[in-house]
Amino acid sequence: ISGKEMLDTYSVRFAETEWNEYEFAKLVAERYKVKNFVIDPEHHWTWEYLPTFVKAMEEPFHAPDLVPDHIIRRKLSERGIRVNLSGIG
């Protein structure tokens, strides 16, 4: 990455160790010298919001990464960011 501005990246850190990939994201951020924002969603929010999220999808899905992606997009929206690139897929 070149230029004067740092690239911003976002990671979701879950309390459950089997879902938490923060350490990997931290290593990548350090390696490529990017600014990594970490989002720690409240445990109860994720599970309470899940039925609303599934209903909004309007179809069955099998992509568990959509939930953390949605958490990140909500945080981006709060910061006024309307366009982003995702590494999903």
# chains A, B, ... in the order shown; residues from 1 in each chain; ligands from 1
>>> residues_around(residues="Arg13 of chain A", least_positions_apart="2", cutoff="8 Å", atoms="only C-alpha atoms", output="PyMOL selection string")
chain A and resi 11+15+20-22+38-41
>>> write_last_selection(atoms="all heavy atoms", output="short mmCIF file (atom, residue, chain, number, x, y, z; two decimals), in the first residue's frame")
data_model
loop_
_atom_site.label_atom_id
_atom_site.label_comp_id
_atom_site.auth_asym_id
_atom_site.auth_seq_id
_atom_site.Cartn_x
_atom_site.Cartn_y
_atom_site.Cartn_z
N SER A 11 -12.58 -5.16 11.68
CA SER A 11 -12.70 -6.54 12.11
C SER A 11 -13.72 -6.61 13.23
O SER A 11 -13.84 -5.69 14.03
CB SER A 11 -11.37 -7.07 12.65
OG SER A 11 -10.36 -6.96 11.69
N ALA A 15 -16.60 -12.56 21.55
CA ALA A 15 -16.16 -13.06 22.85
C ALA A 15 -15.86 -14.56 22.79
O ALA A 15 -14.97 -15.05 23.48
CB ALA A 15 -17.24 -12.79 23.91
N ASN A 20 -13.66 -15.97 17.08
CA ASN A 20 -12.82 -14.78 17.12
C ASN A 20 -11.59 -14.94 16.23
O ASN A 20 -10.73 -15.75 16.49
CB ASN A 20 -12.40 -14.50 18.56
CG ASN A 20 -11.67 -13.18 18.68
OD1 ASN A 20 -11.60 -12.42 17.74
ND2 ASN A 20 -11.12 -12.94 19.85
N GLU A 21 -11.51 -14.13 15.19
CA GLU A 21 -10.36 -14.15 14.28
C GLU A 21 -9.52 -12.88 14.43
O GLU A 21 -8.72 -12.54 13.55
CB GLU A 21 -10.84 -14.30 12.84
CG GLU A 21 -11.56 -15.62 12.60
CD GLU A 21 -12.09 -15.76 11.19
OE1 GLU A 21 -12.09 -14.75 10.44
OE2 GLU A 21 -12.48 -16.87 10.82
N TYR A 22 -9.69 -12.20 15.54
CA TYR A 22 -9.01 -10.92 15.75
C TYR A 22 -7.49 -11.02 15.64
O TYR A 22 -6.85 -10.17 15.03
CB TYR A 22 -9.39 -10.33 17.12
CG TYR A 22 -8.51 -9.17 17.50
CD1 TYR A 22 -8.61 -7.96 16.82
CD2 TYR A 22 -7.56 -9.28 18.50
CE1 TYR A 22 -7.79 -6.89 17.14
CE2 TYR A 22 -6.73 -8.22 18.82
CZ TYR A 22 -6.85 -7.03 18.15
OH TYR A 22 -6.04 -5.99 18.45
N VAL A 38 -11.41 -2.28 15.38
CA VAL A 38 -11.98 -3.50 15.93
C VAL A 38 -13.35 -3.18 16.52
O VAL A 38 -13.50 -2.24 17.28
CB VAL A 38 -11.06 -4.12 17.00
CG1 VAL A 38 -11.67 -5.38 17.57
CG2 VAL A 38 -9.68 -4.39 16.42
N ILE A 39 -14.33 -3.97 16.13
CA ILE A 39 -15.69 -3.80 16.63
C ILE A 39 -15.99 -4.96 17.57
O ILE A 39 -15.87 -6.13 17.19
CB ILE A 39 -16.70 -3.78 15.47
CG1 ILE A 39 -16.34 -2.66 14.48
CG2 ILE A 39 -18.13 -3.64 16.00
CD1 ILE A 39 -17.06 -2.75 13.16
N ASP A 40 -16.35 -4.63 18.79
CA ASP A 40 -16.73 -5.63 19.79
C ASP A 40 -18.23 -5.55 20.00
O ASP A 40 -18.70 -4.76 20.83
CB ASP A 40 -16.00 -5.37 21.12
CG ASP A 40 -14.51 -5.56 21.00
OD1 ASP A 40 -14.09 -6.69 20.70
OD2 ASP A 40 -13.75 -4.59 21.21
N PRO A 41 -19.01 -6.32 19.24
CA PRO A 41 -20.47 -6.22 19.40
C PRO A 41 -20.89 -6.79 20.75
O PRO A 41 -20.27 -7.73 21.27
CB PRO A 41 -21.02 -7.07 18.25
CG PRO A 41 -19.94 -8.05 17.96
CD PRO A 41 -18.65 -7.35 18.27
#
>>> select_by_dssp(residues="chain A", states="alpha helix (DSSP H)", output="NGL selection string")
:A and (22-32 or 43-57 or 66-78)
>>> residues_around(residues="Asp8 of chain A", least_positions_apart="6", cutoff="12 Å", atoms="only C-alpha atoms", output="list in words")
Ile1, Ala29, Tyr32, Lys33, Val34, Lys35, Asn36, Phe37, Val38, Leu76, Ile81, Asn84, Leu85 and Ser86 of chain A
>>> select_by_dssp(residues="chain A", states="strand (DSSP E)", output="ChimeraX atom specification")
/A:8-12,35-39
>>> atom_distance(atom1="atom CA of Phe14 of chain A", atom2="atom CA of Ser77 of chain A")
20.2 Å
